[in-house]
file target_26.cif (mmCIF, C-alpha atoms)
data_entry
#
loop_
_atom_site.group_PDB
_atom_site.id
_atom_site.type_symbol
_atom_site.label_atom_id
_atom_site.label_comp_id
_atom_site.auth_asym_id
_atom_site.auth_seq_id
_atom_site.Cartn_x
_atom_site.Cartn_y
_atom_site.Cartn_z
ATOM 1 C CA MET A 1 -71.553 51.028 -15.699
ATOM 2 C CA ARG A 2 -71.455 49.785 -12.124
ATOM 3 C CA THR A 3 -67.732 49.161 -12.194
ATOM 4 C CA ARG A 4 -66.856 52.557 -13.685
ATOM 5 C CA PRO A 5 -66.931 54.523 -10.364
ATOM 6 C CA ALA A 6 -64.874 51.803 -8.693
ATOM 7 C CA ALA A 7 -62.348 51.815 -11.536
ATOM 8 C CA ARG A 8 -62.119 55.598 -11.408
ATOM 9 C CA ALA A 9 -61.593 55.480 -7.642
ATOM 10 C CA GLY A 10 -58.831 52.934 -8.174
ATOM 11 C CA GLN A 11 -57.165 55.197 -10.705
ATOM 12 C CA TYR A 12 -57.276 58.136 -8.304
ATOM 13 C CA LEU A 13 -55.824 55.990 -5.517
ATOM 14 C CA ALA A 14 -53.035 54.785 -7.792
ATOM 15 C CA LEU A 15 -52.296 58.372 -8.833
ATOM 16 C CA LEU A 16 -52.278 59.502 -5.195
ATOM 17 C CA ALA A 17 -49.910 56.686 -4.246
ATOM 18 C CA TYR A 18 -47.614 57.650 -7.112
ATOM 19 C CA LEU A 19 -47.620 61.303 -6.051
ATOM 20 C CA VAL A 20 -46.819 60.325 -2.468
ATOM 21 C CA PHE A 21 -43.991 58.121 -3.738
ATOM 22 C CA LEU A 22 -42.536 61.031 -5.731
ATOM 23 C CA ALA A 23 -43.051 63.625 -2.994
ATOM 24 C CA PHE A 24 -41.574 61.565 -0.145
ATOM 25 C CA PRO A 25 -37.859 62.270 -0.848
ATOM 26 C CA PHE A 26 -38.491 65.989 -1.352
ATOM 27 C CA LEU A 27 -40.577 66.327 1.816
ATOM 28 C CA TRP A 28 -37.974 64.427 3.816
ATOM 29 C CA LEU A 29 -35.276 66.704 2.368
ATOM 30 C CA ILE A 30 -37.178 69.792 3.508
ATOM 31 C CA SER A 31 -37.702 68.305 6.969
ATOM 32 C CA THR A 32 -33.996 67.457 7.285
ATOM 33 C CA ALA A 33 -32.915 70.918 6.155
ATOM 34 C CA PHE A 34 -34.729 72.583 9.078
ATOM 35 C CA LYS A 35 -33.687 70.143 11.815
ATOM 36 C CA SER A 36 -31.034 70.897 14.414
ATOM 37 C CA PRO A 37 -27.905 68.694 14.667
ATOM 38 C CA ARG A 38 -29.270 67.166 17.851
ATOM 39 C CA GLU A 39 -32.541 66.241 16.201
ATOM 40 C CA LEU A 40 -30.739 64.822 13.172
ATOM 41 C CA GLY A 41 -28.988 62.361 15.464
ATOM 42 C CA ASP A 42 -32.214 61.257 17.109
ATOM 43 C CA LEU A 43 -32.866 57.508 16.920
ATOM 44 C CA HIS A 44 -36.569 58.190 16.348
ATOM 45 C CA PRO A 45 -36.777 60.728 13.495
ATOM 46 C CA THR A 46 -39.934 62.730 12.973
ATOM 47 C CA TRP A 47 -41.500 64.267 9.898
ATOM 48 C CA ILE A 48 -41.930 67.732 11.365
ATOM 49 C CA PRO A 49 -38.892 69.343 13.047
ATOM 50 C CA LYS A 50 -39.486 69.877 16.759
ATOM 51 C CA ASP A 51 -37.402 73.041 16.812
ATOM 52 C CA PRO A 52 -37.103 74.420 13.232
ATOM 53 C CA SER A 53 -33.906 76.313 12.602
ATOM 54 C CA LEU A 54 -32.123 78.093 9.746
ATOM 55 C CA ASP A 55 -28.693 77.184 11.092
ATOM 56 C CA ASN A 56 -28.176 74.547 8.387
ATOM 57 C CA PHE A 57 -28.723 77.127 5.647
ATOM 58 C CA ARG A 58 -26.385 79.602 7.297
ATOM 59 C CA GLN A 59 -23.724 76.938 7.772
ATOM 60 C CA ALA A 60 -24.088 75.766 4.156
ATOM 61 C CA PHE A 61 -23.404 79.248 2.793
ATOM 62 C CA GLU A 62 -20.483 79.717 5.175
ATOM 63 C CA GLU A 63 -18.813 76.424 4.273
ATOM 64 C CA GLN A 64 -19.218 76.438 0.482
ATOM 65 C CA PRO A 65 -19.532 79.083 -2.285
ATOM 66 C CA LEU A 66 -23.131 78.165 -3.123
ATOM 67 C CA LEU A 67 -24.058 81.455 -4.781
ATOM 68 C CA GLU A 68 -21.043 81.382 -7.088
ATOM 69 C CA ALA A 69 -21.698 77.748 -7.962
ATOM 70 C CA ALA A 70 -25.386 78.476 -8.565
ATOM 71 C CA GLY A 71 -24.389 81.301 -10.910
ATOM 72 C CA ASN A 72 -22.156 78.934 -12.881
ATOM 73 C CA SER A 73 -24.938 76.347 -13.110
ATOM 74 C CA LEU A 74 -27.472 78.962 -14.154
ATOM 75 C CA LEU A 75 -25.211 80.345 -16.873
ATOM 76 C CA ALA A 76 -24.380 76.902 -18.247
ATOM 77 C CA ALA A 77 -27.992 75.681 -18.131
ATOM 78 C CA LEU A 78 -29.504 78.792 -19.752
ATOM 79 C CA ALA A 79 -26.890 78.939 -22.494
ATOM 80 C CA ALA A 80 -27.180 75.220 -23.238
ATOM 81 C CA ALA A 81 -30.987 75.364 -23.382
ATOM 82 C CA LEU A 82 -31.028 78.397 -25.677
ATOM 83 C CA ILE A 83 -28.373 77.080 -28.069
ATOM 84 C CA ALA A 84 -29.914 73.606 -28.209
ATOM 85 C CA VAL A 85 -33.356 74.995 -29.104
ATOM 86 C CA VAL A 86 -31.942 77.371 -31.744
ATOM 87 C CA ILE A 87 -30.030 74.531 -33.421
ATOM 88 C CA ALA A 88 -32.743 71.880 -33.072
ATOM 89 C CA THR A 89 -35.648 73.951 -34.451
ATOM 90 C CA PRO A 90 -34.599 74.167 -38.136
ATOM 91 C CA MET A 91 -33.262 70.602 -38.001
ATOM 92 C CA ALA A 92 -36.598 69.341 -36.671
ATOM 93 C CA PHE A 93 -38.437 71.265 -39.389
ATOM 94 C CA VAL A 94 -36.398 69.573 -42.117
ATOM 95 C CA MET A 95 -36.698 66.092 -40.599
ATOM 96 C CA ALA A 96 -40.457 66.444 -40.106
ATOM 97 C CA ARG A 97 -41.316 67.932 -43.505
ATOM 98 C CA HIS A 98 -38.897 66.013 -45.731
ATOM 99 C CA ARG A 99 -39.194 62.360 -44.827
ATOM 100 C CA SER A 100 -36.745 59.956 -46.430
ATOM 101 C CA ARG A 101 -34.588 57.008 -45.504
ATOM 102 C CA LEU A 102 -31.911 59.420 -44.386
ATOM 103 C CA THR A 103 -34.206 61.264 -41.983
ATOM 104 C CA THR A 104 -35.580 57.951 -40.684
ATOM 105 C CA ALA A 105 -32.040 56.725 -40.035
ATOM 106 C CA ALA A 106 -31.169 60.049 -38.394
ATOM 107 C CA THR A 107 -34.191 59.788 -36.091
ATOM 108 C CA GLY A 108 -33.195 56.249 -35.124
ATOM 109 C CA TRP A 109 -29.651 57.391 -34.413
ATOM 110 C CA VAL A 110 -30.976 60.214 -32.235
ATOM 111 C CA VAL A 111 -32.909 57.732 -30.102
ATOM 112 C CA VAL A 112 -30.039 55.223 -29.911
ATOM 113 C CA SER A 113 -27.532 57.921 -28.950
ATOM 114 C CA GLN A 114 -29.432 58.548 -25.716
ATOM 115 C CA ALA A 115 -28.514 55.036 -24.563
ATOM 116 C CA PHE A 116 -24.769 55.782 -24.630
ATOM 117 C CA PRO A 117 -23.320 55.878 -21.094
ATOM 118 C CA PHE A 118 -21.342 58.928 -20.043
ATOM 119 C CA VAL A 119 -18.224 56.865 -19.326
ATOM 120 C CA LEU A 120 -18.131 55.668 -22.943
ATOM 121 C CA VAL A 121 -17.585 59.174 -24.343
ATOM 122 C CA ILE A 122 -15.774 61.011 -21.573
ATOM 123 C CA ILE A 123 -12.205 60.128 -22.691
ATOM 124 C CA PRO A 124 -12.533 61.177 -26.370
ATOM 125 C CA LEU A 125 -14.586 64.154 -25.267
ATOM 126 C CA PHE A 126 -11.872 65.196 -22.827
ATOM 127 C CA LEU A 127 -9.202 64.911 -25.539
ATOM 128 C CA ILE A 128 -11.251 66.967 -28.006
ATOM 129 C CA LEU A 129 -11.855 69.742 -25.484
ATOM 130 C CA LYS A 130 -8.189 69.659 -24.482
ATOM 131 C CA ASN A 131 -7.133 70.250 -28.101
ATOM 132 C CA LEU A 132 -9.616 73.129 -28.279
ATOM 133 C CA HIS A 133 -8.263 74.557 -24.991
ATOM 134 C CA LEU A 134 -11.729 74.329 -23.422
ATOM 135 C CA ILE A 135 -10.899 72.153 -20.417
ATOM 136 C CA ASN A 136 -11.758 73.797 -17.091
ATOM 137 C CA SER A 137 -13.971 76.406 -18.741
ATOM 138 C CA LEU A 138 -17.696 77.087 -18.752
ATOM 139 C CA PRO A 139 -17.823 77.487 -22.570
ATOM 140 C CA GLY A 140 -16.434 73.965 -22.914
ATOM 141 C CA LEU A 141 -18.999 72.616 -20.453
ATOM 142 C CA ILE A 142 -21.802 74.466 -22.266
ATOM 143 C CA MET A 143 -20.681 72.894 -25.542
ATOM 144 C CA VAL A 144 -20.891 69.447 -23.957
ATOM 145 C CA TYR A 145 -24.358 70.139 -22.554
ATOM 146 C CA VAL A 146 -25.593 71.319 -25.955
ATOM 147 C CA VAL A 147 -24.280 68.225 -27.718
ATOM 148 C CA TRP A 148 -25.686 65.932 -25.053
ATOM 149 C CA SER A 149 -29.168 67.477 -24.938
ATOM 150 C CA LEU A 150 -29.487 68.170 -28.669
ATOM 151 C CA PRO A 151 -30.569 64.645 -29.788
ATOM 152 C CA PHE A 152 -33.506 64.435 -27.396
ATOM 153 C CA ALA A 153 -34.429 68.080 -28.040
ATOM 154 C CA LEU A 154 -34.478 67.332 -31.757
ATOM 155 C CA TRP A 155 -36.616 64.242 -31.221
ATOM 156 C CA MET A 156 -39.103 66.252 -29.154
ATOM 157 C CA LEU A 157 -39.384 69.083 -31.673
ATOM 158 C CA VAL A 158 -39.883 66.736 -34.624
ATOM 159 C CA GLY A 159 -43.119 65.558 -33.001
ATOM 160 C CA TYR A 160 -44.277 69.121 -32.404
ATOM 161 C CA VAL A 161 -43.498 70.151 -36.004
ATOM 162 C CA ARG A 162 -45.463 67.212 -37.386
ATOM 163 C CA ALA A 163 -48.474 68.361 -35.348
ATOM 164 C CA VAL A 164 -48.513 71.725 -37.171
ATOM 165 C CA PRO A 165 -50.854 71.551 -40.209
ATOM 166 C CA ARG A 166 -49.040 71.589 -43.527
ATOM 167 C CA GLU A 167 -51.815 73.726 -44.990
ATOM 168 C CA LEU A 168 -50.546 76.769 -43.082
ATOM 169 C CA GLU A 169 -47.078 76.417 -44.573
ATOM 170 C CA GLU A 170 -48.503 75.815 -48.052
ATOM 171 C CA ALA A 171 -50.617 78.973 -47.745
ATOM 172 C CA ALA A 172 -47.514 80.940 -46.761
ATOM 173 C CA ALA A 173 -45.632 79.523 -49.764
ATOM 174 C CA VAL A 174 -48.479 80.575 -52.059
ATOM 175 C CA ASP A 175 -48.166 84.094 -50.642
ATOM 176 C CA GLY A 176 -44.504 84.087 -51.642
ATOM 177 C CA ALA A 177 -42.867 83.350 -48.271
ATOM 178 C CA SER A 178 -39.544 81.520 -48.325
ATOM 179 C CA ARG A 179 -38.893 78.440 -46.221
ATOM 180 C CA VAL A 180 -37.000 80.459 -43.643
ATOM 181 C CA ARG A 181 -39.778 83.048 -43.520
ATOM 182 C CA THR A 182 -42.374 80.293 -43.174
ATOM 183 C CA LEU A 183 -40.446 78.699 -40.323
ATOM 184 C CA VAL A 184 -40.005 81.986 -38.464
ATOM 185 C CA SER A 185 -43.421 83.565 -39.042
ATOM 186 C CA VAL A 186 -45.794 80.603 -39.330
ATOM 187 C CA THR A 187 -44.372 77.447 -37.790
ATOM 188 C CA ALA A 188 -42.347 78.872 -34.879
ATOM 189 C CA PRO A 189 -45.277 80.683 -33.172
ATOM 190 C CA LEU A 190 -47.324 77.475 -33.223
ATOM 191 C CA LEU A 191 -44.295 75.589 -31.918
ATOM 192 C CA MET A 192 -43.984 77.837 -28.868
ATOM 193 C CA PRO A 193 -45.297 75.196 -26.390
ATOM 194 C CA GLY A 194 -42.843 72.690 -27.832
ATOM 195 C CA LEU A 195 -39.977 75.164 -27.786
ATOM 196 C CA VAL A 196 -40.661 76.030 -24.162
ATOM 197 C CA ALA A 197 -40.955 72.371 -23.151
ATOM 198 C CA THR A 198 -37.749 71.500 -24.997
ATOM 199 C CA ALA A 199 -35.869 74.415 -23.458
ATOM 200 C CA LEU A 200 -37.120 73.397 -20.023
ATOM 201 C CA PHE A 201 -35.877 69.843 -20.570
ATOM 202 C CA ALA A 202 -32.455 71.072 -21.698
ATOM 203 C CA PHE A 203 -32.231 73.497 -18.768
ATOM 204 C CA ILE A 204 -33.101 70.898 -16.123
ATOM 205 C CA THR A 205 -30.729 68.369 -17.692
ATOM 206 C CA ALA A 206 -27.846 70.842 -17.579
ATOM 207 C CA TRP A 207 -28.763 72.193 -14.131
ATOM 208 C CA ASN A 208 -28.729 68.725 -12.548
ATOM 209 C CA GLU A 209 -25.776 67.298 -14.505
ATOM 210 C CA PHE A 210 -22.872 66.139 -12.358
ATOM 211 C CA PHE A 211 -20.462 63.793 -14.157
ATOM 212 C CA PHE A 212 -19.257 66.068 -16.972
ATOM 213 C CA ALA A 213 -18.925 69.032 -14.622
ATOM 214 C CA LEU A 214 -16.895 66.931 -12.184
ATOM 215 C CA VAL A 215 -14.446 65.754 -14.846
ATOM 216 C CA LEU A 216 -14.108 68.910 -16.937
ATOM 217 C CA LEU A 217 -14.045 71.628 -14.252
ATOM 218 C CA LYS A 218 -11.184 71.689 -11.757
ATOM 219 C CA SER A 219 -11.034 75.275 -10.518
ATOM 220 C CA PRO A 220 -13.254 75.783 -7.429
ATOM 221 C CA GLU A 221 -14.544 79.121 -8.732
ATOM 222 C CA LYS A 222 -15.833 77.472 -11.938
ATOM 223 C CA GLN A 223 -17.538 74.436 -10.437
ATOM 224 C CA THR A 224 -21.291 73.999 -10.747
ATOM 225 C CA LEU A 225 -23.758 73.480 -7.923
ATOM 226 C CA PRO A 226 -24.075 69.653 -8.115
ATOM 227 C CA VAL A 227 -20.279 69.354 -7.806
ATOM 228 C CA VAL A 228 -20.120 71.760 -4.857
ATOM 229 C CA LEU A 229 -22.780 69.706 -3.052
ATOM 230 C CA THR A 230 -20.329 66.802 -2.863
ATOM 231 C CA HIS A 231 -18.018 68.963 -0.738
ATOM 232 C CA PHE A 232 -20.385 68.432 2.197
ATOM 233 C CA ILE A 233 -19.287 64.778 2.212
ATOM 234 C CA GLY A 234 -16.028 64.064 4.009
ATOM 235 C CA ALA A 235 -13.113 61.973 2.830
ATOM 236 C CA GLU A 236 -14.385 58.950 4.754
ATOM 237 C CA GLY A 237 -17.916 59.250 3.388
ATOM 238 C CA ALA A 238 -19.384 60.979 6.438
ATOM 239 C CA ALA A 239 -21.905 63.572 5.295
ATOM 240 C CA ASP A 240 -22.607 66.880 6.994
ATOM 241 C CA LEU A 241 -26.285 66.016 6.721
ATOM 242 C CA GLY A 242 -27.925 69.249 7.831
ATOM 243 C CA PRO A 243 -26.037 71.702 5.564
ATOM 244 C CA LEU A 244 -26.124 69.164 2.739
ATOM 245 C CA ALA A 245 -29.913 68.906 2.939
ATOM 246 C CA ALA A 246 -30.246 72.693 3.092
ATOM 247 C CA ALA A 247 -28.005 73.193 0.051
ATOM 248 C CA ALA A 248 -29.747 70.401 -1.878
ATOM 249 C CA PHE A 249 -33.137 71.945 -1.095
ATOM 250 C CA LEU A 250 -31.985 75.307 -2.451
ATOM 251 C CA ALA A 251 -30.587 73.556 -5.548
ATOM 252 C CA THR A 252 -33.988 72.056 -6.377
ATOM 253 C CA LEU A 253 -35.906 75.336 -6.096
ATOM 254 C CA PRO A 254 -34.954 76.906 -9.477
ATOM 255 C CA SER A 255 -36.232 73.916 -11.457
ATOM 256 C CA LEU A 256 -39.486 73.836 -9.503
ATOM 257 C CA VAL A 257 -40.053 77.579 -9.795
ATOM 258 C CA ILE A 258 -39.274 77.690 -13.509
ATOM 259 C CA PHE A 259 -41.554 74.739 -14.208
ATOM 260 C CA ALA A 260 -44.368 76.251 -12.158
ATOM 261 C CA ILE A 261 -44.112 79.488 -14.154
ATOM 262 C CA ILE A 262 -43.663 77.960 -17.588
ATOM 263 C CA GLN A 263 -46.277 75.208 -17.366
ATOM 264 C CA LYS A 264 -49.066 77.814 -17.541
ATOM 265 C CA ARG A 265 -47.519 79.287 -20.673
ATOM 266 C CA ILE A 266 -47.222 75.821 -22.202
ATOM 267 C CA THR A 267 -50.950 75.223 -21.658
ATOM 268 C CA GLY A 268 -51.844 78.693 -22.940
ATOM 269 C CA GLY A 269 -49.654 78.235 -25.993
ATOM 270 C CA MET A 270 -51.321 74.919 -26.816
ATOM 271 C CA LEU A 271 -54.756 76.529 -26.686
ATOM 272 C CA ALA A 272 -53.591 79.461 -28.813
ATOM 273 C CA GLY A 273 -52.076 77.101 -31.360
ATOM 274 C CA ALA A 274 -55.283 75.105 -31.527
ATOM 275 C CA VAL A 275 -57.279 78.269 -32.246
ATOM 276 C CA LYS A 276 -54.871 79.411 -34.966
ATOM 277 C CA SER A 277 -54.914 76.080 -36.710
#
call {"tool": "encode", "arguments": {"input": "target_26.cif", "output": "C-alpha cells"}}
result
Amino acid sequence: MRTRPAARAGQYLALLAYLVFLAFPFLWLISTAFKSPRELGDLHPTWIPKDPSLDNFRQAFEEQPLLEAAGNSLLAALAAALIAVVIATPMAFVMARHRSRLTTAATGWVVVSQAFPFVLVIIPLFLILKNLHLINSLPGLIMVYVVWSLPFALWMLVGYVRAVPRELEEAAAVDGASRVRTLVSVTAPLLMPGLVATALFAFITAWNEFFFALVLLKSPEKQTLPVVLTHFIGAEGAADLGPLAAAAFLATLPSLVIFAIIQKRITGGMLAGAVKS
C-alpha cells in the first residue's frame, strides 16, 4: 500500500516523458515554421521565435502547388479509406463468425503480409498497373492504397466483430433476418467505433504515404502532398527549411483535426454499443 502512490507517480512521470518525446518534433516544426530566415540561421536556436512571421507560409504556397497536392491527397485518402472499410467489413464478419483452418491461415497471411517491404512489390505492381493503363493516375494510386491498407483493416475489424455478442445475431436470425440483413442492421451499428477507427487508420496511412505516390505519379498536377514536400529540397540536398517546415506543418493538420473530431465519436459509439449489448 505504501509503494502504490510512488508507483503511480512513476507511471505518470513515464507517461509525461513519453508525451514530451512524441511532442518534441511537432513543437520544433511549429517553431521553425514561424521563424524568419535570419533566425533559422542562428547558431543558438530558440524554442519560441523572436519575431514570428508568416513569410514561410506565403513562400511555400508561392513556390509549390500545395492546395492542388492537398486535394489529390485528400481524394486518394478518403476514397481508399471508404473502399477499404466497405470491402473489409463483410470479410471480417465471415472470418470472425466462421472459424476454420482456412480462416486461421487467412488471418496469419494478413499479419505476415504487413511485413513485406514496399520495394519487394513495386516492380510487379508497376507492371500490373501499366497493363491496366492506371500509371500516373489517381484511380491507380487509390487501388494501391486500398490493397495495401486492406489486410490491416481486415485484421482490426475481425477483433471488433468478435466482440459483438452472437446472441444478437441469433435473435435476428430467429426473427427471419438474412445474413446480409443481420450484418447491416444488427452488427454494423455496433461496429461503428471499429469502422471509424479502421477508416481513420486507412486515411492516415494513405495521407502520409510517399513511396507509391513517388513512383506511380509523374505529372506535377497529380502528385500528392508528401511528394510535393520533397520539392523544397534542392538537387544538392540543401533544404529550404522555412517553407518546408511551414508546408509540413500544414500537411499534419488534417490528420490531427480529423482524429480530434472522430475520437469523441469513437468513445460515444463504444458506450452506445455497450448499452445495446
call {"tool": "closest_residue", "arguments": {"input": "target_26.cif", "among": "A:Met143, A:Leu157, A:Leu29, A:Ala60", "to": "A:Leu125", "atoms": "all atoms listed in the file"}}
result
A:Met143
call {"tool": "resolve_selection", "arguments": {"input": "target_26.cif", "expression": "the PyMOL selection byres ((chain A and resi 186) around 12)", "output": "JSON, numbers by chain"}}
result
{"A": [93, 161, 164, 165, 166, 167, 168, 169, 170, 171, 172, 173, 177, 178, 179, 180, 181, 182, 183, 184, 185, 187, 188, 189, 190, 191, 192, 273, 276, 277]}
call {"tool": "write_last_selection", "arguments": {"input": "target_26.cif", "atoms": "C-alpha atoms", "output": "mmCIF file, keeping the file's coordinate frame"}}
result
data_model
loop_
_atom_site.group_PDB
_atom_site.id
_atom_site.type_symbol
_atom_site.label_atom_id
_atom_site.label_comp_id
_atom_site.auth_asym_id
_atom_site.auth_seq_id
_atom_site.Cartn_x
_atom_site.Cartn_y
_atom_site.Cartn_z
ATOM 1 C CA PHE A 93 -38.437 71.265 -39.389
ATOM 2 C CA VAL A 161 -43.498 70.151 -36.004
ATOM 3 C CA VAL A 164 -48.513 71.725 -37.171
ATOM 4 C CA PRO A 165 -50.854 71.551 -40.209
ATOM 5 C CA ARG A 166 -49.040 71.589 -43.527
ATOM 6 C CA GLU A 167 -51.815 73.726 -44.990
ATOM 7 C CA LEU A 168 -50.546 76.769 -43.082
ATOM 8 C CA GLU A 169 -47.078 76.417 -44.573
ATOM 9 C CA GLU A 170 -48.503 75.815 -48.052
ATOM 10 C CA ALA A 171 -50.617 78.973 -47.745
ATOM 11 C CA ALA A 172 -47.514 80.940 -46.761
ATOM 12 C CA ALA A 173 -45.632 79.523 -49.764
ATOM 13 C CA ALA A 177 -42.867 83.350 -48.271
ATOM 14 C CA SER A 178 -39.544 81.520 -48.325
ATOM 15 C CA ARG A 179 -38.893 78.440 -46.221
ATOM 16 C CA VAL A 180 -37.000 80.459 -43.643
ATOM 17 C CA ARG A 181 -39.778 83.048 -43.520
ATOM 18 C CA THR A 182 -42.374 80.293 -43.174
ATOM 19 C CA LEU A 183 -40.446 78.699 -40.323
ATOM 20 C CA VAL A 184 -40.005 81.986 -38.464
ATOM 21 C CA SER A 185 -43.421 83.565 -39.042
ATOM 22 C CA THR A 187 -44.372 77.447 -37.790
ATOM 23 C CA ALA A 188 -42.347 78.872 -34.879
ATOM 24 C CA PRO A 189 -45.277 80.683 -33.172
ATOM 25 C CA LEU A 190 -47.324 77.475 -33.223
ATOM 26 C CA LEU A 191 -44.295 75.589 -31.918
ATOM 27 C CA MET A 192 -43.984 77.837 -28.868
ATOM 28 C CA GLY A 273 -52.076 77.101 -31.360
ATOM 29 C CA LYS A 276 -54.871 79.411 -34.966
ATOM 30 C CA SER A 277 -54.914 76.080 -36.710
#
call {"tool": "resolve_selection", "arguments": {"input": "target_26.cif", "expression": "the PyMOL selection byres ((chain A and resi 91) around 12)", "output": "number ranges by chain"}}
result
A: 84-90, 92-98, 103, 106-107, 150-151, 153-158, 161, 180, 183
call {"tool": "atom_distance", "arguments": {"input": "target_26.cif", "atom1": "atom CA of A:Thr252", "atom2": "atom CA of A:Gly41"}}
result
24.4 Å
call {"tool": "closest_residue", "arguments": {"input": "target_26.cif", "among": "A:Ala238, A:Leu200, A:Leu229, A:Leu67", "to": "A:Leu214", "atoms": "all atoms listed in the file"}}
result
A:Leu229
call {"tool": "closest_residue", "arguments": {"input": "target_26.cif", "among": "A:Pro124, A:Gly234, A:Gly159, A:Pro52", "to": "A:Leu40", "atoms": "all atoms listed in the file"}}
result
A:Pro52
call {"tool": "atom_distance", "arguments": {"input": "target_26.cif", "atom1": "atom CA of A:Leu129", "atom2": "atom CA of A:Gly108"}}
result
27.0 Å
call {"tool": "atom_distance", "arguments": {"input": "target_26.cif", "atom1": "atom CA of A:Gly10", "atom2": "atom CA of A:Phe24"}}
result
20.9 Å
call {"tool": "axis_aligned_box", "arguments": {"input": "target_26.cif", "around": "stretch 177-196 of chain A", "padding_each_side": "3 Å", "output": "lines of an AutoDock Vina configuration file"}}
result
center_x = -42.2
center_y = 78.1
center_z = -36.2
size_x = 16.3
size_y = 16.9
size_z = 30.2
call {"tool": "closest_residue", "arguments": {"input": "target_26.cif", "among": "A:Ile204, A:Val227, A:Ala197, A:Ala9", "to": "A:Leu74", "atoms": "only C-alpha atoms"}}
result
A:Ile204
call {"tool": "resolve_selection", "arguments": {"input": "target_26.cif", "expression": "the PyMOL selection byres ((chain A and resi 118-121) around 12)", "output": "PyMOL selection string"}}
result
chain A and resi 113-117+122-128+144-145+147-148+209-213+215
call {"tool": "closest_residue", "arguments": {"input": "target_26.cif", "among": "A:Leu43, A:Ala7, A:Leu138, A:Ala14", "to": "A:Lys222", "atoms": "only C-alpha atoms"}}
result
A:Leu138
call {"tool": "closest_residue", "arguments": {"input": "target_26.cif", "among": "A:Phe21, A:Val228, A:Arg58, A:Trp47", "to": "A:Asn72", "atoms": "only C-alpha atoms"}}
result
A:Val228
call {"tool": "residues_around", "arguments": {"input": "target_26.cif", "residues": "A:Asp55", "least_positions_apart": "2", "cutoff": "8 Å", "atoms": "all atoms listed in the file", "output": "PyMOL selection string"}}
result
chain A and resi 34+36+53+57-59
call {"tool": "build_atoms", "arguments": {"input": "target_26.cif", "residues": "stretch 132-137 of chain A", "atoms": "all heavy atoms", "output": "JSON list (two decimals), in the frame of the given file"}}
result
[["chain", "number", "residue", "atom", "x", "y", "z"],
["A", 132, "LEU", "N", -8.97, 71.84, -28.03],
["A", 132, "LEU", "CA", -9.62, 73.13, -28.28],
["A", 132, "LEU", "C", -9.36, 74.13, -27.16],
["A", 132, "LEU", "O", -9.89, 75.25, -27.20],
["A", 132, "LEU", "CB", -11.13, 72.93, -28.44],
["A", 132, "LEU", "CG", -11.58, 72.11, -29.65],
["A", 132, "LEU", "CD1", -13.09, 71.88, -29.60],
["A", 132, "LEU", "CD2", -11.18, 72.80, -30.95],
["A", 133, "HIS", "N", -8.58, 73.72, -26.15],
["A", 133, "HIS", "CA", -8.26, 74.56, -24.99],
["A", 133, "HIS", "C", -9.54, 74.99, -24.25],
["A", 133, "HIS", "O", -9.67, 76.14, -23.83],
["A", 133, "HIS", "CB", -7.47, 75.80, -25.43],
["A", 133, "HIS", "CG", -6.22, 75.49, -26.18],
["A", 133, "HIS", "ND1", -5.09, 74.98, -25.57],
["A", 133, "HIS", "CD2", -5.92, 75.59, -27.51],
["A", 133, "HIS", "CE1", -4.14, 74.79, -26.46],
["A", 133, "HIS", "NE2", -4.62, 75.15, -27.66],
["A", 134, "LEU", "N", -10.47, 74.05, -24.10],
["A", 134, "LEU", "CA", -11.73, 74.33, -23.42],
["A", 134, "LEU", "C", -11.90, 73.51, -22.14],
["A", 134, "LEU", "O", -12.99, 73.49, -21.57],
["A", 134, "LEU", "CB", -12.91, 74.05, -24.37],
["A", 134, "LEU", "CG", -13.04, 75.01, -25.56],
["A", 134, "LEU", "CD1", -14.17, 74.56, -26.47],
["A", 134, "LEU", "CD2", -13.27, 76.43, -25.07],
["A", 135, "ILE", "N", -10.83, 72.85, -21.70],
["A", 135, "ILE", "CA", -10.90, 72.15, -20.42],
["A", 135, "ILE", "C", -10.91, 73.18, -19.29],
["A", 135, "ILE", "O", -10.24, 74.21, -19.36],
["A", 135, "ILE", "CB", -9.70, 71.19, -20.26],
["A", 135, "ILE", "CG1", -9.79, 70.07, -21.30],
["A", 135, "ILE", "CG2", -9.66, 70.59, -18.86],
["A", 135, "ILE", "CD1", -10.98, 69.16, -21.11],
["A", 136, "ASN", "N", -11.66, 72.92, -18.25],
["A", 136, "ASN", "CA", -11.76, 73.80, -17.09],
["A", 136, "ASN", "C", -12.30, 75.17, -17.48],
["A", 136, "ASN", "O", -11.81, 76.21, -17.03],
["A", 136, "ASN", "CB", -10.40, 73.95, -16.40],
["A", 136, "ASN", "CG", -10.51, 74.57, -15.03],
["A", 136, "ASN", "OD1", -11.50, 74.38, -14.32],
["A", 136, "ASN", "ND2", -9.51, 75.32, -14.63],
["A", 137, "SER", "N", -13.34, 75.16, -18.33],
["A", 137, "SER", "CA", -13.97, 76.41, -18.74],
["A", 137, "SER", "C", -15.47, 76.17, -18.91],
["A", 137, "SER", "O", -15.90, 75.10, -19.35],
["A", 137, "SER", "CB", -13.37, 76.93, -20.04],
["A", 137, "SER", "OG", -13.70, 76.10, -21.13]]
